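**Student:** Pasting in a structure now, in structure tokens, and then I'll have a few things to ask.
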4 protein chains.
Amino acid sequence: MKKHLTQLIESKAFEWGIVAVIVINAIVLGLEITPRAAALMPFFSVIDKVAFFVFIAELVLKLFVYRTDYFKKGWNIFDFVIVLLTALPYLNIATLGNLTILRALRILRALRLMSVVPAFRQVIGTLAYSLSGVGAVGSVLFIAMYISSVLAAKLFGDIAPENFGTLGASLLSMFTIMTVEGWREIVDPVAKEFAFAYPFFVFYILGCAFVLFNLLITVLVSASEKQHREEILREEAATEAIEAKIEELQKTLNEYLSKKG
Amino acid sequence: MKKHLTQLIESKAFEWGIVAVIVINAIVLGLEITPRAAALMPFFSVIDKVAFFVFIAELVLKLFVYRTDYFKKGWNIFDFVIVLLTALPYLNIATLGNLTILRALRILRALRLMSVVPAFRQVIGTLAYSLSGVGAVGSVLFIAMYISSVLAAKLFGDIAPENFGTLGASLLSMFTIMTVEGWREIVDPVAKEFAFAYPFFVFYILGCAFVLFNLLITVLVSASEKQHREEILREEAATEAIEAKIEELQKTLNEYLSKKG
Amino acid sequence: MKKHLTQLIESKAFEWGIVAVIVINAIVLGLEITPRAAALMPFFSVIDKVAFFVFIAELVLKLFVYRTDYFKKGWNIFDFVIVLLTALPYLNIATLGNLTILRALRILRALRLMSVVPAFRQVIGTLAYSLSGVGAVGSVLFIAMYISSVLAAKLFGDIAPENFGTLGASLLSMFTIMTVEGWREIVDPVAKEFAFAYPFFVFYILGCAFVLFNLLITVLVSASEKQHREEILREEAATEAIEAKIEELQKTLNEYLSKKG
Amino acid sequence: MKKHLTQLIESKAFEWGIVAVIVINAIVLGLEITPRAAALMPFFSVIDKVAFFVFIAELVLKLFVYRTDYFKKGWNIFDFVIVLLTALPYLNIATLGNLTILRALRILRALRLMSVVPAFRQVIGTLAYSLSGVGAVGSVLFIAMYISSVLAAKLFGDIAPENFGTLGASLLSMFTIMTVEGWREIVDPVAKEFAFAYPFFVFYILGCAFVLFNLLITVLVSASEKQHREEILREEAATEAIEAKIEELQKTLNEYLSKKG
């Protein structure tokens, strides 16, 4: 029986079934907040519970079949956490306030699409890989933002307390200025008092843009690295193939000469 | 006669004539909404009808010459649909309300430039190719936006109903935040109630920007792929040419030795 | 004497002298609009006239030395036009209204930096080269914008006449929406009447962004093309060198065998 | 003893200790502007002074060990300037007004993370390298902005004095328009008077975007240059290895023939 279950779990049909349940569940959770679909609410509630049951059943089935091997794959742990986390709202142990948030978190089940669909799994893998490559550049950018924020808070905190009054407000303002959205509205009141505020923020914007340029390039270079390595291997193989043929020739000649000599 | 027609249709002059009619028609349709050119309206109307007649004549001619072969090319089907769709306003079968929209759609004829001018056809081909390459990354981005929208709607729907009250409003708000345009105006009212709204939306912006970065890189890598494949072929050809020459040498030597041996 | 003049004109010192005059002239023209430097106005006027005299003298000198050869270089024609154009305000033939604009155009002399400094000349060359490469993609983008503008004007012109009332207003609005700046302020009033306005403009933004992505990539690929062609040449040279050596071997062997045979 | 000190200074533990002090100092300086942490202010003051003492001690130690060799490394000079600059607020020689700014500058110590952590040092190196590569393109962009600013000031200064009244205001406006943030608010009042203002600023935005595109590409090409040069070296090595093997063969053959001949 276990063998049959394994076949079932690993079949394409099972995978697509789970995908369908995830998609339907995600659409239903979206429709729940569409006023025009309010009349269908009880129907949506039933579908959501069925979907929940399917996810629990899938989890139990996989745990039964794979046992502890189940937890050896990162994506399985991801699924496990998602399913258990979104199971919480059905237990009445939480307070009402938390329950709203917990119920809202049910939509996180749609994240399971990332683990179930191979194409998405690959995209997430690529994203994670390029994220790991930008760690250093990202940290430098964050440190620069932190220093600028503290500096701005100490210098401009008294003039514009709503934007630079606290560390949090200042960090948010500096992030907003980096996105360029409404930066003049933040900078103008400060610049009325401090003449050097304009050059300060203009250099900040240019600096952030330049670091982001380089971050893009770092991602790009690390993306082409794999292609590059494959090329090196291919070229080395070609060189070796040619050398092998020449060595064979040399050997033929040497053998003949030594026989003769 | 059919042979002469084929020659006519496939001549450069015919192609440029059609391009000229499309461009003149597009300019006239644009001038129709320029108040200063209102006096010329009857004149524009005549030109538009002449252009329409030219397109119908071209279509009939091509159908007569190529018969069913006409529909074997994708661009021909594109032309066919455009011409028929923009023929609708001249038939008085539609209601008045629709007629305004149908008349507006006449400008879609200018899209025929894409199918008629070879350089544009190539650009569209490149765009379609790179679009096909970003399908998976684009889907991941859309799923992330959908999950964020549902989450934001459930959490912030009561505080800011105009931005997060319905699924549609929430999706639009999340798209607007992704474009960074006026994001503080959307986020600030929410953040007054929920302290965690700022980190939520800042991570959303950073996440979207990072996925878009990777989308750009995916397009770029797929664009360089073709160049790359050509290079592989060229290198393989070079390697094979060298190997063939060495093998010839080996053969000469072997023949001599076997003759002698 | 002409030989001495040629040496003078082509000397580094002369070049740097001209650069200095251009830079000083540009700074002075900038200071003219700085209220704090108003007292120095008569002084600035003298400097401007001296700079003008230097440019005229340089032009006369070069024309005397190179004669008609002067006009064989594109950059010389550029210099010639700039100097003559910015000479106009000193002639009192223009009406007063034009004179303000003509006087303002004197700053265009700073553009001569592009023609005089070799590093800038190269940058302009690169920009022109990559501009020529994006012609087709840029045209497709412009046609798409034009079609969208006419469509938007015909559909939304009555609801939002200030943004879509005329072809010009509509083109400007569509360009503004492409820059994403304040797009919600333009789209929101329209969307109150037409439910499909949001998807229309969201697709427009996504489409423009995607074409711009591809434009960036086209520039990039055309930039790497030169590097790529050099690589092909180098590889072909390497392959040929190896083949030549093998052929020499084959020849040695053949000669020996034919002598023996 | 000096040898022991050298070992101490160059040990990983010492490096990480300094990193820890820098990070703690930066966090404390950030917390100083967080109202909720106001009660801990005296505690923060002590930590700041301890950190300052550690930096001074580190500097003295390194100067004692390396003597004048200390100043041969650029990063050491960077550290030296930072430590001395942020030592100023502890001396009571400055006036009160300056003291606020000097005290604010203490956060610049966090910049020492860039010099102490090797990964960050490398990022700064990459940034500096790509910055050096964009000098010419950046200068062309700045000259274009300067010319546009002077032109806009002279043409539009009377209509919109708050945005184009002075050279400084005009430069700031043109920079703001380049960031696209609120460009319509700047351009609209001007365009009411001058019909050609819209095309002027639209071309300005397109031009800036295009130059920035090319700047990105310049950074990218210079980033791939190193990889490219390595590839050339590797290919040349492969070609030479093959040629050496063929030459060896030719030599064997030649020796045999000359012996025989």
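In the structure tokens, chains take letters A, B, ... by order of appearance, with residues numbered from 1 within each chain and ligands from 1 in the order shown.
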Neighbours of region 140-142 of chain C within 12 Å (only C-alpha atoms; same-chain residues fewer than 5 positions away dropped), as a ChimeraX atom specification?
**Tutor:** /B:110-115,117-127 /C:134-135,147-149,171,174-175,178,204-205,207-215
**Student:** Which RMSD value, in Å, follows from superposing chain B onto chain D on all C-alpha atoms in order by least squares?
**Tutor:**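 My reading of the C-alpha RMSD is 0.3 Å.
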**Student:** Have a look at A:Leu172, A:Ile107, A:Leu155, A:Ala144 and name the one nearest to Phe203 (chain A); count only C-alpha atoms.
**Tutor:**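 Checking each candidate against Phe203 (chain A), we get A:Ala144 as the closest.
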**Student:** Which distance in Å separates CA of Asp188 (chain C) and CA of Ser173 (chain D), to one decimal?
**Tutor:** 27.0 Å
**Student:** Using only C-alpha atoms, which residues sit within 9 Å of Ala87 (chain D) once same-chain residues fewer than 3 positions away are excluded, as a list in words?
**Tutor:**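 Selected residues are Phe52, Ile56, Ile82, Val83, Leu84, Tyr90, Leu91, Leu102 and Arg106 of chain D.
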**Student:** Contacts of Phe53 (chain A) at 12 Å or less, counting only C-alpha atoms, minus same-chain residues fewer than 3 places along, as a ChimeraX atom specification?
**Tutor:** /A:18,21-22,25,46-50,56-61,83-84,86-87,90
**Student:** Since we have the selection now, will you write its residues out, keeping C-alpha atoms, as a PDB file, in the first residue's frame?
**Tutor:**
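Written file, result-v5.pdb:
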```pdb
ATOM      1  CA  ILE A  18      -2.506  20.396  -5.244  1.00  0.00           C
ATOM      2  CA  VAL A  21      -6.442  23.554  -4.729  1.00  0.00           C
ATOM      3  CA  ILE A  22      -3.854  26.261  -3.912  1.00  0.00           C
ATOM      4  CA  ASN A  25      -8.071  28.671  -2.306  1.00  0.00           C
ATOM      5  CA  VAL A  46     -16.772  25.805   2.802  1.00  0.00           C
ATOM      6  CA  ILE A  47     -14.199  25.887  -0.024  1.00  0.00           C
ATOM      7  CA  ASP A  48     -11.572  27.315   2.339  1.00  0.00           C
ATOM      8  CA  LYS A  49     -12.216  24.519   4.845  1.00  0.00           C
ATOM      9  CA  VAL A  50     -12.050  21.875   2.122  1.00  0.00           C
ATOM     10  CA  ILE A  56      -3.573  18.639   6.038  1.00  0.00           C
ATOM     11  CA  ALA A  57      -4.331  15.350   4.276  1.00  0.00           C
ATOM     12  CA  GLU A  58      -1.455  15.947   1.843  1.00  0.00           C
ATOM     13  CA  LEU A  59       0.879  16.678   4.754  1.00  0.00           C
ATOM     14  CA  VAL A  60      -0.188  13.576   6.716  1.00  0.00           C
ATOM     15  CA  LEU A  61       0.147  11.427   3.582  1.00  0.00           C
ATOM     16  CA  VAL A  83       0.389  24.597   6.437  1.00  0.00           C
ATOM     17  CA  LEU A  84       0.774  24.559  10.237  1.00  0.00           C
ATOM     18  CA  THR A  86      -2.312  28.720   8.411  1.00  0.00           C
ATOM     19  CA  ALA A  87      -3.948  25.981  10.478  1.00  0.00           C
ATOM     20  CA  TYR A  90      -9.182  27.093  12.884  1.00  0.00           C
TER      21      TYR A  90
END
```
**Student:** Could you tell me which residues of chain D sit within 10 Å of chain B when counting only C-alpha atoms, and give me the result as a PyMOL selection string?
**Tutor:** chain D and resi 181-182+246
**Student:** Separation of CA of Pro189 (chain D) and CA of Phe201 (chain D), in Å?
**Tutor:**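 A separation of 12.7 Å between them.
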**Student:** Which distance in Å separates CA of Ile143 (chain B) and CA of Pro161 (chain B), to one decimal?
**Tutor:** 22.4 Å
**Student:** Can you tell me, as a VMD selection string, which residues in region 65-202 of chain A count as helix (DSSP H, G or I) by DSSP?
**Tutor:** chain A and resid 65 to 72 74 to 85 88 to 90 96 to 116 118 to 133 135 to 156 161 to 164 167 to 178 183 to 193 197 to 202
